[in-house]
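Just below is one structure, and these are the notes that go with it.
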Amino acid sequence: MYQEISEQESIRRNSLKELEALGINPYPAEAFNVNISTNEIHDKFPADNSLYSDISIAGRIMTRRIMGAASFVDLQDSSGRIQLYIKRDDICPGEDKSLYNNVFKRLLDIGDIIGVTGFVFITQMGEISIHVRSLKVLSKSLRPLPVVKEKDDQVFDAFSDPEARYRMRYVDLIVNPEVRDIFIKRNKIISIMRDFFNESNYLEVETPILQPIPGGAAARPFITHHNALDMTLYLRIANELYLKKLIVGGFNGVYEFAKDFRNEGMDRTHNPEFTVLEIYVAYKDYFWMMEYVEQMLERVAVGLHNKTEVTLGDRLINFKSPYRRLTMTDAIKEYAGVDITGKNEDELRAICKEMNIETDPSMGIGKLIDAIFGEKCEHHLIQPTFIMDYPIEMSPLCKRHRSNPDLTERFELFVNGKELCNAYSELNDPIDQLNRFQEQLRLSQKGDDEAMYIDMDFVRALEYGMPTCSGMGIGIDRLTMFMTNQPSIQDVLLFPQMRPEKTNAPIGDPDEAFVGIGVPEAWIGVLRKYGFKTIEQLKEANPNKLLNDLGGLRKKMKLDIPALKIEEIKSWIEQ
RNA sequence: GAUUCCGUAGCUCAGCAGGUAGAGCACAUCCCUUUUAAGGAUGGGGUCCUGGGUUCGAAUCCCAGCGGGAUCACCA
């Protein structure tokens with residue numbers, strides 16, 4: 001196949017061949033011994049300069065400033081950048097200057113990966129740099145990297161096209177250091193949480209992603225098929241039921257950082273696959289869990305920022321505990337100005353109508369209340385706020401409220417007007433659980449396509465007895481968005497879901513095929529430019545028209561190649 | 001799904017009362033031994049997203065499609 005490449009790519013491929021011709025392997029197999037990183041040098045030099053006379057470091061060439069027989073290179077490794085000073089007569093001590101003149105100056109490019117040895121010094125301009133004694137090619141880059149420049153914290157020509165950044169995250173990570181930082185912070189968030197749970201002696205577990213019944217939440221699942229078992233399987237929408245089965249099994253506390261999958265819309269806060277932390281702890285209730293969440297988030301914020309306040313857009317969010325607690329009824333009273341206590345379905349529908357909130361007939365009491373809350377309250381909840389005691393219809397896995405049977409012991413934590421956590425005193429009454437599942441079934445028959453599936457194995461587990469228990473789920477992607485001040489979920493996912501790219505696959509027949517039917521090599525490029533990518537296309541052409549057009553192109557492009565004869569063209573086509 | 005904006009060189013972008021496609025960086029050749037958005041000289045590089053239409057003529061105007069962003073709707 002033939003792949004169209006740009007001029008710059010073609011130059012780099014030629015450089016690659018030249019390197020090989022010089023006996024330099026552009027992709028060597030052996031390890032390169034690195035004994036220091038760029039940030040270590042910046043941290044410790046020159047206070048501790050005795051250590052930096054014999055260093056060995058590797059990274060990517062990010063910019064070059066060539067000044068005759070000496071050059072400066074910005075080398076980037078995983079921790080940052082450092083300037084290299086490369087002097088011809090230092091890396092080429094003998095008569096042969098080709099390593100500098102040819103290899104470094106001509107055959108290496110921005111984006112190539114090299115290893116160097118040398119010593120650290122400070123230039124006249126005051127920049128800590130490495131005076132290079134030897135240089136080795138570690139990997140040749142065949143595609144030109146976007147060149148981002150910077151002066152006085154002002155960035156020039158940033159690689160900023162979101163589509164290109166998300167599709168080619170590797171390039172984004174190379175040239176945009178703040179992107180790398182987001183993902184380092186994301187990892188740190190998870191580590192802090194994991195440490196926190198482990199200190200409590202809770203057990204990290206793994207539960208099935210392929211589930212026969214997509215339980216534990218209400219959402220449209222991705223559906224797949226297992227061939228050997230010849231059965232439908234679903235990618236999990238939640239792992240809640242499995243984790244609770246483990247509490248039945250006798251673990252005191254279990255947690256899982258889980259990828260969940262939901263076959264729904266995508267936007268700034270939703271990706272079809274996303275990460276959720278769920279944790280379940282025996283003998284606790286939702287009051288205990290609120291305090292645990294407060295401690296956890298405070299610790300994450302301090303771990304990342306050394307303080308509990310976190311900047312989010314033009315707001316400052318303070319994760320210092322305790323957080324405000326508000327029942328859903330009180331929140332609606334406060335922000336919507338109505339008391340929903342004791343209201344039936346028709347009355348709630350009337351309230352919605354009055355407030356211009358859209359409803360449909362499938363909505364029960366729970367969904368109607370949720371609609372009012374979503375419309376009138378959520379966006380007010382900027383600082384971390386626990387909303388407690390949700391209507392029972394909305395929470396089929398949650399324990400009935402200890403003092404009001406129409407409510408559940410559930411809370412959600414809202415931050416910046418968005419839901420961050422969801423937690424319950426878990427329902428452990430197997431008979432009530434089955435009734436609630438059956439109620440969900442009725443809702444789904446009524447037309448609610450988000451009602452839950454019934455998992456009879458889960459009911460059976462509860463029948464063996466689950467201790468009182470509190471569980472909590474928190475969206476790791478959203479938490480990362482809050483903690484790193486990113487407005488879009490795509491910016492906290494390394495590889496956000498995208499529509500397939502227009503194929504950039506190789507098109508057309510290779511050079512050999514054209515040569516095979518007698519086309520002179522010099523003409524192959526012209527034919528491609530003219531639109532003949534395959535032999536088949538060429539054979540359908542009119543020879544006389546082709547002769548005329550190619551002759552015209554030859555003149556226009558000032559090609560220094562022999563003109564074609566009609567017999568030649570006919571012979572290609574007739575072969 | 002709706003509305004709206006965008007798609008031009010490797011990157012960032014200009015060009016759009018329709019008339020031979022531009023800049024900076026990057027790239028190539030040359031000069032330059034402590035520079036740093038290095039500098040100087042010269043040069044090459046384009047399916048103007050795709051397909052139709054209007055027109056003597058379309059990157060530019062119109063229609064459709066593809067891809068992306070934003071807003072809204074949907075979404076435990």
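Chain lettering (A, B, ...) mirrors the order of the structure tokens, residue numbering begins at 1 for each chain separately, and ligand numbering begins at 1 in order of display.
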
request  = Just the residues within 12 Å of G19 (chain B), please, counting only C-alpha atoms (C1' of nucleotides), with nothing from its chain fewer than 3 positions along; format it as a ChimeraX atom specification.
outcome  = /B:55-58,60

Which residues of chain B sit at most 10 Å from chain A, using only C-alpha atoms (C1' of nucleotides)? Give each one's shortest atom pair and distance in Å (one decimal place), in chain and ascending residue order, as CSV.
```
residue,atom,partner,partner_atom,distance
B:G1,C1',A:Gly265,CA,9.8
B:A9,C1',A:Ser6,CA,9.5
B:G10,C1',A:Pro144,CA,5.4
B:C11,C1',A:Pro146,CA,4.6
B:U12,C1',A:Asp157,CA,4.3
B:C13,C1',A:Asp157,CA,8.9
B:G24,C1',A:Asp157,CA,9.0
B:C25,C1',A:Val147,CA,7.1
B:A26,C1',A:Val147,CA,6.7
B:C27,C1',A:Gln8,CA,5.9
B:A28,C1',A:Ile11,CA,8.9
B:C31,C1',A:Gly68,CA,7.9
B:C32,C1',A:Gly68,CA,5.1
B:U33,C1',A:Ala70,CA,5.1
B:U34,C1',A:Thr123,CA,5.3
B:U35,C1',A:Phe72,CA,6.7
B:U36,C1',A:Arg65,CA,7.8
B:A37,C1',A:Lys149,CA,5.5
B:A38,C1',A:Arg65,CA,6.5
B:G39,C1',A:Met67,CA,9.2
B:G44,C1',A:Glu7,CA,8.8
B:G45,C1',A:Glu7,CA,6.4
B:U47,C1',A:Lys529,CA,9.4
B:C49,C1',A:Lys502,CA,9.7
B:C66,C1',A:Lys502,CA,8.0
B:G67,C1',A:Glu501,CA,7.4
B:G68,C1',A:Glu163,CA,5.7
B:G69,C1',A:Pro162,CA,7.6
B:A70,C1',A:Arg268,CA,10.0
B:C74,C1',A:Gly265,CA,7.0
B:C75,C1',A:Glu264,CA,6.8
B:A76,C1',A:Ala218,CA,6.8
```

request  = Can you work out which one of B:C6, B:U54, B:U29, B:A73 has the shortest atom-to-atom distance to U42 (chain B), counting only C-alpha atoms (C1' of nucleotides)?
outcome  = B:U29

message = Report as a list in words all protein, DNA and RNA residues lying within 12 Å of Asp285 (chain A), evaluated on only C-alpha atoms (C1' of nucleotides), omitting residues in the same chain fewer than 5 positions from it.
response = Tyr280, Met290, Glu291, Tyr292, Cys398, Lys399, Arg400, His401, Arg402, Thr408, Glu409, Arg410, Phe411, Ala423, Tyr424, Ser425, Glu426, Leu427, Asn428, Pro467, Thr468, Cys469, Ser470, Gly471 and Met472 of chain A

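Using only C-alpha atoms (C1' of nucleotides), the smallest distance between any of B:U3, B:G43, B:U8, B:G18 and C61 (chain B) comes from B:G18.
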
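The set of residues in region 388-448 of chain A assigned to strand (DSSP E) by DSSP, using only backbone atoms of this structure, is Met388, Arg410, Phe411, Glu412, Leu413, Phe414, Val415, Lys418, Glu419, Leu420, Cys421, Asn422, Ala423, Tyr424 and Ser425 of chain A.
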
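Comparing the minimum interatomic distances between Tyr464 (chain A) and each of A:Glu347, A:Asp429, A:Glu439, A:Glu294, counting only C-alpha atoms, we find that A:Asp429 sits nearest.
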
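The space separating CA of Pro487 (chain A) from CA of Leu173 (chain A) comes to 18.3 Å.
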
request  = Step one, run DSSP on the backbone; step two, keep only residues of region 268-464 of chain A assigned to alpha helix (DSSP H); then write them as a PyMOL selection string.
outcome  = chain A and resi 286-305+328-336+345-354+365-376+430-445+456-464

query = What is the CA of Glu18 (chain A)-CA of Ser129 (chain A) distance in Å, reported with one decimal?
reply = 29.5 Å

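Our summary of the geometry notes that CA of Met193 (chain A) is positioned 26.1 Å from CA of Arg169 (chain A).
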
message = Excluding Lys333 (chain A) and its own-chain neighbours fewer than 6 positions away, which residues fall within 10 Å of it when counting only C-alpha atoms (C1' of nucleotides)? Please give them as an NGL selection string.
response = :A and (327 or 339-341 or 373 or 377)

key: Residues within 12 Å of Glu358 (chain A), only C-alpha atoms (C1' of nucleotides), excluding chain neighbours under 3 positions, as an NGL selection string   = (:A and (348-355 or 361 or 363 or 367-368 or 370-372 or 374-375)) or (:B and (73))
